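The next block holds one structure in the form of structure tokens; read it before the comments.
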Amino acid sequence: MSDPIPPGTLDGLLPALPVPLFVIRGDRLIFTNAALRKLLGLRDDELPSLLELTARFGPEERAWVEPLCEALARGEQPTPVQPAWVRVRDADGRQHLLSPVTAPGRVPEEQLVLLLDAEGGDAVRRLSTMLVSTAAELLRCRDESAVLELAVDAVHRQGFYVSVMLLEGDYLRHGPMRQEAESVAGAARLYGQDVHEVRFHRSGMPHLEEVLTSRRAAFHPDAFSMVRRLHLPEVAANIQRIYPPGSRALDAPIFVGDEPFGVLAVQSTTLTPANAGALELFAQLIGGALENVRHHRAADARLAEVSRLQSELIASERLTVLGEAAGVVAHEVRNPLGAILNTVAVLKREPRLGPAGASAVEMLEEEAIRLEDIVRDLLDAVRPLEPRPRPVSLGELVHRALGQLLLGREELPRPRVAFDEAPDVPDLPGDETLLQLAVTHLMRNAIQASPPGGTVRVEIRRVPDGVSLSVEDEGPGIAGLDPQRVFEPFFLTRANGRGLGLAIVRRVVLAHGGRVRAGARPEGGARFELVLPL
């Protein structure tokens with residue numbers, strides 16, 4: 001309870017106080033100030049009785065006010081009741097929650113009663129409770145847009161209009177907002193674009209610049225004066241027509257760490273310095289939640305980088321071991337293979353070979369060549385790559401690979417190849433021999449995987465980070481498999497494969513600073529894409 005107000009202030013202080021108050025003598029009101037008359041809709045010369053005043057009270061209050069009035073009318077001095085609050089209807093029938101404070105008047109038989117706004121304090125408590133609860137939810141968000149949407153929703157549910165002004169370099173623009181739809185649509189028509197796309201230079205918004213520079217919120221008793229500084233005259237007039245008169249505004253800075261992020265802008269007729277303080281604190285909590293999101297994003301990126309480095313280390317160790325084994329195999333196998341092929345060449349010139357012998361020699365030559373191809377692929381999969389770049393046409397490499405793979409197979413069952421190259425694809429810097437090797441293995445993989453009569457689709461496109469080559473087949477696909485494992489040496493997706501072709505593709509692409517990925521097609525089959533930088 002406040003300290004008693006000293007006597008002798010009726011003629012000076014009390015009439016000017018913005019707090020509703022009255023003075024009673026017995027059961028009669030002998031004085032009402034302007035704030036009370038405005039609240040109750042009384043004329044300047046109207047002084048109702050205390051009993052008449054109780055008609056404005058709620059039913060709970062009348063239960064103790066009416067006996068008090070009756071005792072005063074009888075000339076008795078009952079012990080005054082000091083309730084925590086009373087409910088009073090104003091001139092428009094709206095109910096207000098007020099806390100009465102009594103004090104002695106100028107003479108002993110007079111009593112001064114002030115009606116303090118209890119609803120405002122209760123509203124601040126409710127608002128603070130909501131904001132603390134929302135802050136806990138904000139910390140569970142994992143992206144910035146979710147933080148901002150949750151924050152503006154929470155403030156709007158408390159009866160405020162709200163928007164976030166996002167800082168982008170030297171400009172501010174509207175982020176998430178909860179405003180009257182008619183106002184937003186009207187502003188979009190007048191600006192000629194969506195309000196979220198309108199950019200305001202910081203120098204043209206000194207009131208927001210001051211908020212960001214001082215890192216302190218600004219309370220505007222007249223929201224429309226701020227609106228007139230911010231928007232076109234037509235937009236400001238439209239806003240003033242739609243929103244209720246007497247609207248107040250708050251601009252609270254949002255900082256992420258030490259960097260300005262934007263401004264939380266709130267408007268309402270019920271906005272007061274007290275609840276504005278709670279909203280300013282909430283803006284700080286929004287900044288903390290945004291910083292939390294960035295910490296999680298950085299942690300995820302570091303974890304992904306660690307996983308990538310671990311995978312590369314494992315792959316490097318595996319290639320080192322495989323390279324040593326491949327060297328031994330190449331040395332021990334290639335010499336006998338050379339002898340076998342030389343012998344085959346001699347036997348093919350032998351005139352005394354019959355049809356059966358000639359067939360056997362031909363089969364021996366095919367198997368020896370196939371074995372030599374395997375040894376060569378094994379060496380390609382593990383040997384160090386040192387690209388020697390020069391301008392290369394990726395489309396020309398595809399045509400060359402298709403000619404090599406399909407030559408002499410015109411009469412055999414094979415898939416159809418649909419090749420589409422965009423006209424704006426430039427040459428790229430690369431090692432022609434290595435890239436031809438990778439493209440050939442990629443095309444061979446798709447052709448061998450697709451059934452006869454199927455279609456292999458090949459596309460070359462210019463993309464933001466280079467040139468993209470995508471190859472789709474209609475084979476069994478890789479659904480259910482880890483897409484990264486198909487690029488490991490000796491990982492087989494079909495019974496007659498070697499498990500080396502895609503491993504070579506990845507090594508060549510990575511050696512050129514590119515990237516390669518695999519995935520399953522929704523229609524069935526697999527899709528491979530490699531992107532090489534320009």
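Each chain in the structure tokens gets a letter, A, B, ..., in the order shown, and its residues are numbered from 1; ligands are numbered from 1 in order too.
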Task: All residues 9 Å or closer to Ser470 in chain A, only C-alpha atoms, same chain fewer than 4 positions away omitted, as an NGL selection string - done: :A and (457-461 or 527-531)
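Proximity to Pro387 in chain A at 12 Å, evaluated using only C-alpha atoms and with sequence-adjacent residues fewer than 5 positions away removed, yields Pro429, Gly430, Asp431, Glu432, Thr433, Leu434, Leu435, Arg507, Val508, Val509, Leu510, Ala511, His512 and Gly513 of chain A.
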Residues just named, written with all heavy atoms as a CSV table (one decimal), in the first residue's frame:
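Saved file again-v4.csv follows:
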chain,number,residue,atom,x,y,z
A,429,PRO,N,38.4,-26.0,-67.3
A,429,PRO,CA,39.8,-26.5,-67.2
A,429,PRO,C,39.9,-27.8,-66.6
A,429,PRO,O,39.4,-28.1,-65.5
A,429,PRO,CB,40.4,-25.4,-66.3
A,429,PRO,CG,39.3,-24.9,-65.5
A,429,PRO,CD,38.0,-25.0,-66.4
A,430,GLY,N,40.6,-28.8,-67.3
A,430,GLY,CA,40.7,-30.1,-66.7
A,430,GLY,C,41.7,-30.9,-67.5
A,430,GLY,O,42.1,-30.6,-68.6
A,431,ASP,N,42.0,-32.1,-66.9
A,431,ASP,CA,42.9,-33.0,-67.6
A,431,ASP,C,42.1,-33.9,-68.5
A,431,ASP,O,41.3,-34.7,-68.0
A,431,ASP,CB,43.7,-33.9,-66.5
A,431,ASP,CG,44.7,-34.7,-67.1
A,431,ASP,OD1,44.4,-35.5,-68.1
A,431,ASP,OD2,45.9,-34.7,-66.7
A,432,GLU,N,42.3,-33.7,-69.8
A,432,GLU,CA,41.4,-34.4,-70.8
A,432,GLU,C,41.5,-35.9,-70.6
A,432,GLU,O,40.4,-36.6,-70.7
A,432,GLU,CB,41.8,-34.0,-72.2
A,432,GLU,CG,40.9,-34.7,-73.2
A,432,GLU,CD,41.2,-34.1,-74.6
A,432,GLU,OE1,42.1,-33.3,-74.8
A,432,GLU,OE2,40.5,-34.6,-75.6
A,433,THR,N,42.7,-36.5,-70.4
A,433,THR,CA,42.8,-37.9,-70.2
A,433,THR,C,42.1,-38.5,-69.0
A,433,THR,O,41.3,-39.5,-69.1
A,433,THR,CB,44.3,-38.3,-70.1
A,433,THR,OG1,45.0,-37.9,-71.3
A,433,THR,CG2,44.5,-39.8,-70.0
A,434,LEU,N,42.2,-37.8,-67.9
A,434,LEU,CA,41.6,-38.2,-66.6
A,434,LEU,C,40.1,-38.1,-66.7
A,434,LEU,O,39.3,-38.9,-66.3
A,434,LEU,CB,42.1,-37.5,-65.4
A,434,LEU,CG,43.6,-37.7,-65.1
A,434,LEU,CD1,44.0,-36.8,-63.9
A,434,LEU,CD2,43.8,-39.2,-64.7
A,435,LEU,N,39.6,-36.9,-67.3
A,435,LEU,CA,38.2,-36.7,-67.4
A,435,LEU,C,37.5,-37.7,-68.3
A,435,LEU,O,36.4,-38.1,-68.1
A,435,LEU,CB,37.9,-35.2,-67.8
A,435,LEU,CG,38.2,-34.2,-66.7
A,435,LEU,CD1,37.9,-32.8,-67.3
A,435,LEU,CD2,37.3,-34.4,-65.5
A,507,ARG,N,37.5,-40.3,-57.7
A,507,ARG,CA,38.9,-39.8,-57.5
A,507,ARG,C,39.2,-38.8,-58.6
A,507,ARG,O,39.9,-37.8,-58.3
A,507,ARG,CB,39.9,-41.0,-57.7
A,507,ARG,CG,39.8,-42.0,-56.5
A,507,ARG,CD,41.1,-42.8,-56.4
A,507,ARG,NE,42.2,-41.9,-56.0
A,507,ARG,CZ,43.4,-42.0,-56.5
A,507,ARG,NH1,43.7,-42.9,-57.4
A,507,ARG,NH2,44.3,-41.2,-56.0
A,508,VAL,N,38.8,-39.0,-59.8
A,508,VAL,CA,39.1,-38.0,-60.9
A,508,VAL,C,38.4,-36.7,-60.6
A,508,VAL,O,38.9,-35.6,-60.7
A,508,VAL,CB,38.7,-38.5,-62.2
A,508,VAL,CG1,38.8,-37.4,-63.3
A,508,VAL,CG2,39.6,-39.7,-62.6
A,509,VAL,N,37.1,-36.7,-60.2
A,509,VAL,CA,36.3,-35.5,-59.9
A,509,VAL,C,36.9,-34.8,-58.7
A,509,VAL,O,37.0,-33.5,-58.8
A,509,VAL,CB,34.8,-35.9,-59.7
A,509,VAL,CG1,34.0,-34.7,-59.2
A,509,VAL,CG2,34.2,-36.5,-60.9
A,510,LEU,N,37.2,-35.5,-57.7
A,510,LEU,CA,37.8,-34.8,-56.5
A,510,LEU,C,39.1,-34.2,-56.8
A,510,LEU,O,39.5,-33.1,-56.3
A,510,LEU,CB,37.9,-35.8,-55.3
A,510,LEU,CG,36.6,-36.3,-54.7
A,510,LEU,CD1,36.9,-37.3,-53.6
A,510,LEU,CD2,35.7,-35.2,-54.3
A,511,ALA,N,39.9,-34.9,-57.7
A,511,ALA,CA,41.2,-34.3,-58.1
A,511,ALA,C,41.1,-33.0,-58.8
A,511,ALA,O,42.0,-32.2,-58.8
A,511,ALA,CB,42.0,-35.3,-58.9
A,512,HIS,N,39.9,-32.8,-59.4
A,512,HIS,CA,39.6,-31.5,-60.1
A,512,HIS,C,38.9,-30.5,-59.3
A,512,HIS,O,38.4,-29.5,-59.8
A,512,HIS,CB,38.8,-31.8,-61.4
A,512,HIS,CG,39.6,-32.4,-62.5
A,512,HIS,ND1,40.0,-33.7,-62.6
A,512,HIS,CD2,40.1,-31.8,-63.7
A,512,HIS,CE1,40.7,-34.0,-63.7
A,512,HIS,NE2,40.8,-32.8,-64.4
A,513,GLY,N,38.7,-30.8,-58.0
A,513,GLY,CA,38.0,-29.9,-57.1
A,513,GLY,C,36.5,-29.9,-57.3
A,513,GLY,O,35.8,-28.9,-56.8
Open item on the list: When you look at Glu46 in chain A with a cut-off of 9 Å (counting only C-alpha atoms), what residues show up, excluding the ones that are within fewer than 4 positions of it in the same chain? I need them as a list in words.
Closed with: Thr32, Arg37 and Leu42 of chain A
TODO: Write out as a PyMOL selection string the residues lying within 12 Å of Ser359 in chain A, counting only C-alpha atoms and excluding same-chain residues fewer than 5 positions away.
DONE: chain A and resi 344+347-348+353-354+364-366
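Every protein, DNA or RNA residue with an atom at most 12 Å from Ala154 in chain A, where only C-alpha atoms count and chain neighbours fewer than 6 positions away do not, is listed here: Leu127, Ser128, Thr129, Met130, Leu131, Val132, Ser133, Thr134, Ala135, Glu137, Leu138, Val147, Leu148, Phe160, Tyr161, Val162, Ser163, Met177, Arg178, Val266, Leu279, Phe282 and Ile286 of chain A.
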With C-alpha atoms retained, write the just-selected residues as a compact mmCIF listing (two decimals), in the first residue's frame.
# COMPACT_ATOMS: atom_id res chain seq x y z
CA LEU A 127 3.10 -10.69 -20.31
CA SER A 128 6.35 -11.42 -18.46
CA THR A 129 5.20 -14.97 -17.67
CA MET A 130 4.33 -15.57 -21.32
CA LEU A 131 7.62 -14.15 -22.55
CA VAL A 132 9.67 -16.31 -20.18
CA SER A 133 7.73 -19.39 -21.28
CA THR A 134 8.24 -18.48 -24.95
CA ALA A 135 11.96 -17.87 -24.38
CA GLU A 137 10.62 -22.59 -26.55
CA LEU A 138 12.86 -20.27 -28.59
CA VAL A 147 12.77 -18.26 -33.82
CA LEU A 148 11.30 -15.11 -35.37
CA PHE A 160 -0.11 -6.41 -29.83
CA TYR A 161 0.65 -5.72 -33.47
CA VAL A 162 4.24 -6.74 -34.12
CA SER A 163 6.88 -7.00 -36.83
CA MET A 177 4.96 -9.66 -38.93
CA ARG A 178 1.49 -9.85 -37.47
CA VAL A 266 5.41 -3.43 -31.38
CA LEU A 279 9.14 -6.52 -24.43
CA PHE A 282 12.13 -10.22 -24.76
CA ILE A 286 15.24 -13.33 -29.14
Run DSSP on the backbone and give me the residues of range 235-292 of chain A it puts in helix (DSSP H, G or I), as a CSV table (one decimal) with C-alpha atoms, in the first residue's frame.
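Final file, result_4.csv:
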chain,number,residue,atom,x,y,z
A,235,VAL,CA,1.0,4.4,-46.7
A,236,ALA,CA,1.1,6.3,-43.4
A,237,ALA,CA,-2.5,7.7,-44.1
A,238,ASN,CA,-3.7,4.1,-44.8
A,239,ILE,CA,-2.2,2.8,-41.6
A,240,GLN,CA,-3.6,5.7,-39.5
A,241,ARG,CA,-7.1,5.0,-41.0
A,242,ILE,CA,-7.0,1.3,-40.1
A,273,PRO,CA,6.3,1.9,-20.4
A,274,ALA,CA,5.9,-1.0,-18.0
A,275,ASN,CA,5.0,-3.7,-20.5
A,276,ALA,CA,7.4,-2.1,-23.0
A,277,GLY,CA,10.2,-2.9,-20.6
A,278,ALA,CA,9.2,-6.5,-20.6
A,279,LEU,CA,9.1,-6.5,-24.4
A,280,GLU,CA,12.6,-4.9,-24.5
A,281,LEU,CA,13.9,-7.8,-22.4
A,282,PHE,CA,12.1,-10.2,-24.8
A,283,ALA,CA,14.0,-8.7,-27.7
A,284,GLN,CA,17.2,-9.5,-25.9
A,285,LEU,CA,16.0,-13.1,-25.4
A,286,ILE,CA,15.2,-13.3,-29.1
A,287,GLY,CA,18.9,-12.3,-29.8
A,288,GLY,CA,20.1,-15.0,-27.4
A,289,ALA,CA,17.9,-17.6,-29.2
A,290,LEU,CA,19.3,-16.6,-32.6
A,291,GLU,CA,22.8,-16.8,-31.3
A,292,ASN,CA,22.0,-20.3,-30.0
Task: Val65 in chain A environment, 9 Å, only C-alpha atoms, sequence neighbours closer than 5 positions dropped, as a VMD selection string - done: chain A and resid 50 to 51 54 57 70 81
Restrict the selected residues to all heavy atoms and save them as a PDB file, in the first residue's frame.
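Saved to part27.pdb:
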ATOM      1  N   LEU A  50     -22.158   8.118  -2.655  1.00  0.00           N
ATOM      2  CA  LEU A  50     -21.314   6.918  -2.632  1.00  0.00           C
ATOM      3  C   LEU A  50     -22.123   5.696  -3.037  1.00  0.00           C
ATOM      4  O   LEU A  50     -21.608   4.796  -3.713  1.00  0.00           O
ATOM      5  CB  LEU A  50     -20.726   6.737  -1.224  1.00  0.00           C
ATOM      6  CG  LEU A  50     -19.642   5.667  -1.063  1.00  0.00           C
ATOM      7  CD1 LEU A  50     -18.483   5.924  -2.016  1.00  0.00           C
ATOM      8  CD2 LEU A  50     -19.137   5.618   0.374  1.00  0.00           C
ATOM      9  N   LEU A  51     -23.398   5.661  -2.653  1.00  0.00           N
ATOM     10  CA  LEU A  51     -24.245   4.526  -3.015  1.00  0.00           C
ATOM     11  C   LEU A  51     -24.475   4.490  -4.523  1.00  0.00           C
ATOM     12  O   LEU A  51     -24.507   3.419  -5.131  1.00  0.00           O
ATOM     13  CB  LEU A  51     -25.578   4.606  -2.260  1.00  0.00           C
ATOM     14  CG  LEU A  51     -26.421   3.323  -2.260  1.00  0.00           C
ATOM     15  CD1 LEU A  51     -25.630   2.179  -1.636  1.00  0.00           C
ATOM     16  CD2 LEU A  51     -27.732   3.536  -1.507  1.00  0.00           C
ATOM     17  N   THR A  54     -21.484   3.071  -6.221  1.00  0.00           N
ATOM     18  CA  THR A  54     -21.322   1.618  -6.115  1.00  0.00           C
ATOM     19  C   THR A  54     -22.046   0.871  -7.222  1.00  0.00           C
ATOM     20  O   THR A  54     -21.758  -0.294  -7.480  1.00  0.00           O
ATOM     21  CB  THR A  54     -21.825   1.106  -4.756  1.00  0.00           C
ATOM     22  OG1 THR A  54     -23.225   1.411  -4.637  1.00  0.00           O
ATOM     23  CG2 THR A  54     -21.065   1.722  -3.613  1.00  0.00           C
ATOM     24  N   PHE A  57     -19.740  -0.612  -9.528  1.00  0.00           N
ATOM     25  CA  PHE A  57     -18.857  -1.674  -9.051  1.00  0.00           C
ATOM     26  C   PHE A  57     -19.401  -3.036  -9.466  1.00  0.00           C
ATOM     27  O   PHE A  57     -20.582  -3.193  -9.778  1.00  0.00           O
ATOM     28  CB  PHE A  57     -18.730  -1.629  -7.528  1.00  0.00           C
ATOM     29  CG  PHE A  57     -17.925  -0.457  -7.014  1.00  0.00           C
ATOM     30  CD1 PHE A  57     -17.568   0.590  -7.842  1.00  0.00           C
ATOM     31  CD2 PHE A  57     -17.529  -0.402  -5.687  1.00  0.00           C
ATOM     32  CE1 PHE A  57     -16.839   1.672  -7.381  1.00  0.00           C
ATOM     33  CE2 PHE A  57     -16.794   0.674  -5.205  1.00  0.00           C
ATOM     34  CZ  PHE A  57     -16.459   1.713  -6.057  1.00  0.00           C
ATOM     35  N   GLU A  70     -24.231   2.343   3.946  1.00  0.00           N
ATOM     36  CA  GLU A  70     -25.369   2.444   4.862  1.00  0.00           C
ATOM     37  C   GLU A  70     -24.906   2.870   6.252  1.00  0.00           C
ATOM     38  O   GLU A  70     -25.563   3.701   6.915  1.00  0.00           O
ATOM     39  CB  GLU A  70     -26.098   1.108   4.922  1.00  0.00           C
ATOM     40  CG  GLU A  70     -26.794   0.736   3.606  1.00  0.00           C
ATOM     41  CD  GLU A  70     -27.293  -0.690   3.597  1.00  0.00           C
ATOM     42  OE1 GLU A  70     -27.053  -1.403   4.600  1.00  0.00           O
ATOM     43  OE2 GLU A  70     -27.894  -1.100   2.583  1.00  0.00           O
ATOM     44  N   VAL A  81     -12.781  -0.993   4.952  1.00  0.00           N
ATOM     45  CA  VAL A  81     -12.297  -2.208   4.293  1.00  0.00           C
ATOM     46  C   VAL A  81     -11.293  -1.783   3.212  1.00  0.00           C
ATOM     47  O   VAL A  81     -11.559  -0.860   2.439  1.00  0.00           O
ATOM     48  CB  VAL A  81     -13.467  -2.991   3.671  1.00  0.00           C
ATOM     49  CG1 VAL A  81     -12.950  -4.230   2.948  1.00  0.00           C
ATOM     50  CG2 VAL A  81     -14.489  -3.359   4.735  1.00  0.00           C
TER      51      VAL A  81
END
Open item on the list: I'd like the contact shell of range 249-251 of chain A - 8 Å cut-off, only C-alpha atoms, skipping same-chain residues fewer than 2 positions apart - returned as an MDAnalysis selection string.
Closed with: chainID A and resid 208 211 217:223 247 253 263:268 271 276
Open item on the list: Can you pull out every residue from range 143-256 of chain A that DSSP, working from the backbone, puts in strand (DSSP E or B), and format the result as a ChimeraX atom specification?
Closed with: /A:161-168,171-178,199-201,218-220,248-256
Open item on the list: Between CA of Ile504 in chain A and CA of Pro522 in chain A, what distance in Å does the model show, to one decimal?
Closed with: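 Straight-line distance from CA of Ile504 in chain A to CA of Pro522 in chain A works out to 26.3 Å.
Atom pair CA of Arg28 in chain A / CA of Pro104 in chain A: separated by 15.4 Å.
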Task: Point-to-point distance from CA of Ala301 in chain A to CA of Pro533 in chain A, Å rounded to tenths - done: 22.3 Å
Task: Among the residues A:Asp170, A:Asp44, A:Asp473, A:Glu367, the one that comes closest to Phe200 in chain A [using only C-alpha atoms] - done: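 Looking only at the distances to Phe200 in chain A, the closest residue turns out to be A:Asp170.
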